[in-house]
Amino acid sequence: MKNVLVTGGAGFIGSNFINHILNESDDYNIINLDKLTYAGNLENLKLSEDKKNYHFVKGDICNYELVDYLFQKFQIKFVINFAAESHVDRSILGSKVFYETNVIGTNVLLEVSRKHQVKKFLQVSTDEVYGSLGAEGLFTEKTPLSPNSPYSSSKAAADMMVQAFYHTYGMPVVTTRCSNNYGPFQFPEKLIPLMIINSLNNKKLPVYGDGMNVRDWIYVIDHNKAIDLVFEKGKEGEVYNIGASNEMPNIEIIKLILQHLNKGKELIEFVKDRPGHDKRYAIDSSKIQNELGWKPHFSFEQAIEHTIDWYLENKQWWSRIISGDYLKYYELQYNKR
Ligand code: NAD
Ligand code: TYD
């Protein structure tokens, strides 16, 4: 039995990861440490909450004493760090909490992990640390870090710290850098769930700039299977890019969502561009494919339909979110554009 501290496990990717891993195997005892920020939601974990090998702790990864206590209490030897402030637009509105959680929080986890001699520390990172591509080329693990947003710069700082703990202390770390995810339980501030929910509510769909920025989309389960594999088999000190080679301009995704929901293009509204908007992300995932034997299983066509249907069937989940504090954010973000 592996005692694994999973941080940020009430968020989009972390909750999908916990539900997936506890369903696949009985080898893990999962301790989910999550601050339950606006993005954390325990409803995402209904499939796992009653399992004996799942424990939830509400708390902040920046709290050294709490993290140290949890390592002692649960004899933690493994860490998977999902916890982060994750939304670029919010980081543009205010960057402080991004550096607190993503940089200081990661530092606390690393220091406590060093003290307790963890056997593996997996840092969940993002392709956004590489910056932006032109029309050609792909991010490889050798692409220099060149982040452009407060969000991506805080993630890049954390990645460098993780590497420093490997080089300086020989800590057994691995880092994954994945492209844009979509799937169930994604908070409706991100492109795909926002566009699905606005369409369902006949609200305008705010497209930044000309809608031609490109992202490389991967279904969340494919990402989580890759994390599982890197956690088990990844080589210490290494970085693994994860992506499904599915590049699409934003406007095409939005049209596809409208089509699937039988809604008209008049909902589309081109708005002022995001400041510093990265033009294109695209991942070369040949390293994880060749060295660890991972490959994506879901086609975009199949998984995006499943995702749209999930939001159709889970109105209760998102209705609660879009009333409340979310509205304030939405007003701030979109009505001023
Ligand atoms: P999310 O915003 O949905 O969830 C983040 C979770 O972290 C929430 O449950 C939140 O409550 C928790 N959290 C935030 N601050 C915390 C703190 N100080 N202490 C403890 N918990 C805290 O994010 P996500 O989309 O699930 O992303 C998870 C990770 O994957 C992040 O590290 C992100 O950078 C990375 N990532 C995301 C994507 C994507 O497309 N969403 C792509 C690549 C990498
Ligand atoms: P997002 O989901 O915020 O992910 P990221 O910025 O981390 O890639 O945005 C994906 C793309 O969609 C990005 O190019 C910005 C664009 N976008 C819009 O055009 N309108 C929106 O309302 C949002 C949230 C994003």
# chains A, B, ... in the order shown; residues from 1 in each chain; ligands from 1
>>> residues_near_ligand(ligand="ligand 1", cutoff="6 Å", atoms="only C-alpha atoms and all ligand atoms", output="number ranges by chain")
A: 7-14, 33-37, 39-40, 59-62, 82-86, 101, 124-126, 178-181, 187
>>> select_by_dssp(residues="region 67-306 of chain A", states="strand (DSSP E)", output="VMD selection string")
chain A and resid 78 to 81 120 to 126 173 to 178 181 to 182 205 to 208 214 to 216 218 to 219 239 to 242 247 to 249 268 to 271
>>> residues_around(residues="Ala135 (chain A)", least_positions_apart="5", cutoff="10 Å", atoms="only C-alpha atoms", output="ChimeraX atom specification")
/A:214,279-282
>>> residues_near_ligand(ligand="ligand 2", cutoff="10 Å", atoms="only C-alpha atoms and all ligand atoms", output="PyMOL selection string")
chain A and resi 86-90+126-128+149+151-152+179-182+186-195+198+204-217+248-251+253-254+269-274+277-281+330+333-334
>>> closest_residue(among="A:Ser113, A:Asn63, A:Ser286, A:Asn41", to="Met171 (chain A)", atoms="only C-alpha atoms")
A:Ser113
>>> closest_residue(among="A:Lys51, A:Lys77, A:His167, A:Lys265", to="Asn202 (chain A)", atoms="only C-alpha atoms")
A:Lys265
>>> select_by_dssp(residues="region 93-225 of chain A", states="alpha helix (DSSP H)", output="PyMOL selection string")
chain A and resi 93+96-99+106-115+150-169+191-200+220-225
>>> closest_residue(among="A:Val220, A:Glu247, A:Val97, A:Ser48", to="Glu136 (chain A)", atoms="only C-alpha atoms")
A:Glu247
>>> residues_around(residues="Lys235 (chain A)", least_positions_apart="4", cutoff="9 Å", atoms="only C-alpha atoms", output="PDB file with N, CA and C atoms, in the first residue's frame")
ATOM      1  N   PRO A 172      13.973  12.400  -5.274  1.00  0.00           N
ATOM      2  CA  PRO A 172      13.397  11.658  -6.407  1.00  0.00           C
ATOM      3  C   PRO A 172      12.150  12.343  -6.982  1.00  0.00           C
ATOM      4  N   VAL A 173      12.379  13.292  -7.847  1.00  0.00           N
ATOM      5  CA  VAL A 173      11.270  14.075  -8.407  1.00  0.00           C
ATOM      6  C   VAL A 173      11.024  13.689  -9.872  1.00  0.00           C
ATOM      7  N   VAL A 174       9.808  13.884 -10.309  1.00  0.00           N
ATOM      8  CA  VAL A 174       9.480  13.838 -11.741  1.00  0.00           C
ATOM      9  C   VAL A 174       8.494  14.969 -12.016  1.00  0.00           C
ATOM     10  N   VAL A 230       3.767   7.938 -15.144  1.00  0.00           N
ATOM     11  CA  VAL A 230       5.003   8.652 -14.770  1.00  0.00           C
ATOM     12  C   VAL A 230       5.264   8.455 -13.269  1.00  0.00           C
ATOM     13  N   VAL A 239      11.616  15.200 -17.006  1.00  0.00           N
ATOM     14  CA  VAL A 239      10.384  15.911 -17.350  1.00  0.00           C
ATOM     15  C   VAL A 239       9.712  15.137 -18.484  1.00  0.00           C
TER      16      VAL A 239
END
>>> residues_around(residues="Lys295 (chain A)", least_positions_apart="2", cutoff="9 Å", atoms="only C-alpha atoms", output="list in words")
Asp222, Ala226, Gly243, Ala244, Ser285, Ile288, Gln289, Gly293 and His297 of chain A
>>> residues_around(residues="Ile104 (chain A)", least_positions_apart="4", cutoff="9 Å", atoms="only C-alpha atoms", output="list in words")
Ile61, Cys62, Tyr99, Glu100, Val108, Leu109 and Ala158 of chain A
>>> closest_residue(among="A:Ile304, A:Leu312, A:Leu122, A:Leu66", to="Leu110 (chain A)", atoms="only C-alpha atoms")
A:Leu122
>>> closest_residue(among="A:Ser146, A:Thr176, A:Ser154, A:Ser199", to="Tyr311 (chain A)", atoms="only C-alpha atoms")
A:Ser199
